[in-house]
Every structure is written in C-alpha cells, then in structure tokens.
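J.: I'd like to ask some things about the structure below.
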Amino acid sequence: MKKTSLGGQKRAAVIILGLWLLFALSSAAFLLFPRSVRRVFFFPAPGGGLYAETRSLANPEGDSGIGRYVDELLLGPAGSRCVPLFAPGTRAVSCFRRGRTLYLDLSGEALFAGNTVSPLKEGVAGLKKNILRNFRGLSEVNVYIDGRAAYEETP
C-alpha cells in the first residue's frame with residue numbers, strides 16, 4: 001500500500017472544495033436568474049419585403065410567454081427601417097389559448113391608420129404570421145379589436 005503525502009491530500013481537498021463551490025454558484029445562478037428564449041420578430045420594410053429582428057425574452061411557464069411576445073411585438077421594431085404592425089399605444093387587452101387556438105383582443109388604438117403603420121389587413125396578417133412562426137403548438141390565431149373580429153375573409 002502506497003502512502004500519500006499530506007500535500008497531495010490538501011490539494012485534492014482544495015480541488016473538491018473548488019468544484020463544489022462552482023456547482024453551488026452555477027445552481028444558484030440558474031435558480032435566481034430567469035432563463036430567456038430567443039424569438040424572431042418580422043416587420044414589413046417600407047420598400048416591400050420583411051425585416052427580421054431577434055430579441056431575447058424571459059421564458060415564463062405557460063401562456064404568459066405568448067402574451068409577453070405579443071406585448072413586445074406591439075411595441076414595434078427596434079430600428080427605424082421597418083414599419084410597425086399597428087399604431088403606437090396598441091396593447092393586448094386579453095390573450096388566451098384554448099387548445100391549439102390563440103384568442104387575442106387588441107385595444108382600439110389598433111384601428112388608427114397612418115403613413116407610419118401597416119394597413120389593418122397587413123397588420124393582422126403580420127401579427128398572425130409572427131405568432132404562428134414562434135409558437136409551433138398553435139394552429140390558429142383569432143384577432144379581435146375592442147371585442148370585434150379584426151378582419152375576416154369573405155368567401
């Protein structure tokens with residue numbers, strides 16, 4: 001049987017203590033700081049086409065992640081080279097999911113048109129496209145403005 005030196009035992013104890021501290025710190029950081037998820041936002045470009053932005057959002061449990069995404073989308077693009085989907089001040093009044101369908105009610109500010117925002121039909125289509133691309137579990141998005149259907153296709 002080989003004897004180990006006292007210095008080797010101290011070094012092993014320091015390494016074990018260091019690894020334990022590293023594990024404790026990383027566990028605490030994981031629990032204390034919310035995880036985030038990267039989401040893509042598509043906005044129309046003034047000359048046509050789409051412009052994509054990537055943002056990191058906190059990843060809460062359940063449907064509140066969709067609501068947070070919608071709130072961020074309604075704020076509009078970060079830069080000035082894109083057109084917002086709806087007028088400034090538009091907010092989500094309610095947002096809930098039933099099965100694979102999302103029901104989204106927007107405030108009346110969404111109806112305000114102007115040169116600096118998308119037309120209503122394009123804004124609603126862009127909103128639906130953004131949500132469906134970022135949340136694969138959804139198959140349909142029903143958008144309402146002040147409790148009424150925002151835009152409906154007629155056969």
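Letters A, B, ... go to the chains of the structure tokens in the order shown; residues in each chain start at 1; ligands are counted from 1 in the same order.
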Please identify every residue of stretch 30-108 of chain A that has at least one atom no farther than 8 Å from an atom of stretch 122-135 of chain A, counting only C-alpha atoms, and for each give the shortest atom pair and the distance in Å to one decimal, arranged by chain then increasing number, as a Markdown table.
T.:
| residue | atom | partner | partner_atom | distance |
| --- | --- | --- | --- | --- |
| A:Arg39 | CA | A:Asn134 | CA | 6.6 |
| A:Val40 | CA | A:Asn134 | CA | 6.9 |
| A:Phe41 | CA | A:Asn130 | CA | 6.3 |
| A:Phe42 | CA | A:Asn130 | CA | 6.3 |
| A:Phe43 | CA | A:Gly126 | CA | 7.4 |
| A:Ile66 | CA | A:Phe135 | CA | 7.7 |
| A:Val70 | CA | A:Ile131 | CA | 7.7 |
| A:Leu73 | CA | A:Leu127 | CA | 7.9 |
| A:Leu85 | CA | A:Gly123 | CA | 4.5 |
| A:Phe86 | CA | A:Gly123 | CA | 6.1 |
J.: Could the residues in this selection be saved with C-alpha atoms as a PDB file, in the first residue's frame?
T.:
ATOM      1  CA  ARG A  39     -37.694  34.985 -30.509  1.00  0.00           C
ATOM      2  CA  VAL A  40     -37.841  36.315 -34.070  1.00  0.00           C
ATOM      3  CA  PHE A  41     -39.967  39.343 -34.944  1.00  0.00           C
ATOM      4  CA  PHE A  42     -40.935  40.094 -38.547  1.00  0.00           C
ATOM      5  CA  PHE A  43     -41.822  43.635 -39.593  1.00  0.00           C
ATOM      6  CA  ILE A  66     -47.186  34.169 -25.737  1.00  0.00           C
ATOM      7  CA  VAL A  70     -47.353  39.815 -28.263  1.00  0.00           C
ATOM      8  CA  LEU A  73     -44.360  42.705 -30.948  1.00  0.00           C
ATOM      9  CA  LEU A  85     -47.757  46.492 -37.451  1.00  0.00           C
ATOM     10  CA  PHE A  86     -50.131  48.762 -35.508  1.00  0.00           C
TER      11      PHE A  86
END
J.: Would you return as JSON, numbers by chain the members of stretch 7-140 of chain A that DSSP assigns to alpha helix (DSSP H) on this structure's backbone?
T.: {"A": [7, 8, 9, 10, 11, 12, 13, 14, 15, 16, 17, 18, 19, 20, 21, 22, 23, 24, 25, 26, 27, 28, 29, 30, 31, 32, 64, 65, 66, 67, 68, 69, 70, 71, 72, 73, 74, 120, 121, 122, 123, 124, 125, 126, 127, 128, 129, 130, 131, 132, 133, 134]}
J.: Using only C-alpha atoms, which of A:Gly18, A:Pro88, A:Gly137, A:Gly48 sits nearest A:Thr101?
T.: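 Looking only at the distances to A:Thr101, the closest residue turns out to be A:Gly137.
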J.: Which residues in chain A does DSSP call strand (DSSP E)? List them as number ranges by chain.
T.: A: 36-44, 50-58, 92-98, 101-106, 140-145, 148-149
J.: Report the distance between atom CA of A:Asp146 and atom CA of A:Leu120 in Å, rounded to one decimal place.
T.: 13.9 Å
J.: Quick one: of A:Val141, A:Gly49, A:Arg148, A:Cys95, who's nearest to A:Leu111, counting only C-alpha atoms?
T.: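 Among A:Val141, A:Gly49, A:Arg148, A:Cys95, it is A:Arg148 that comes nearest to A:Leu111.
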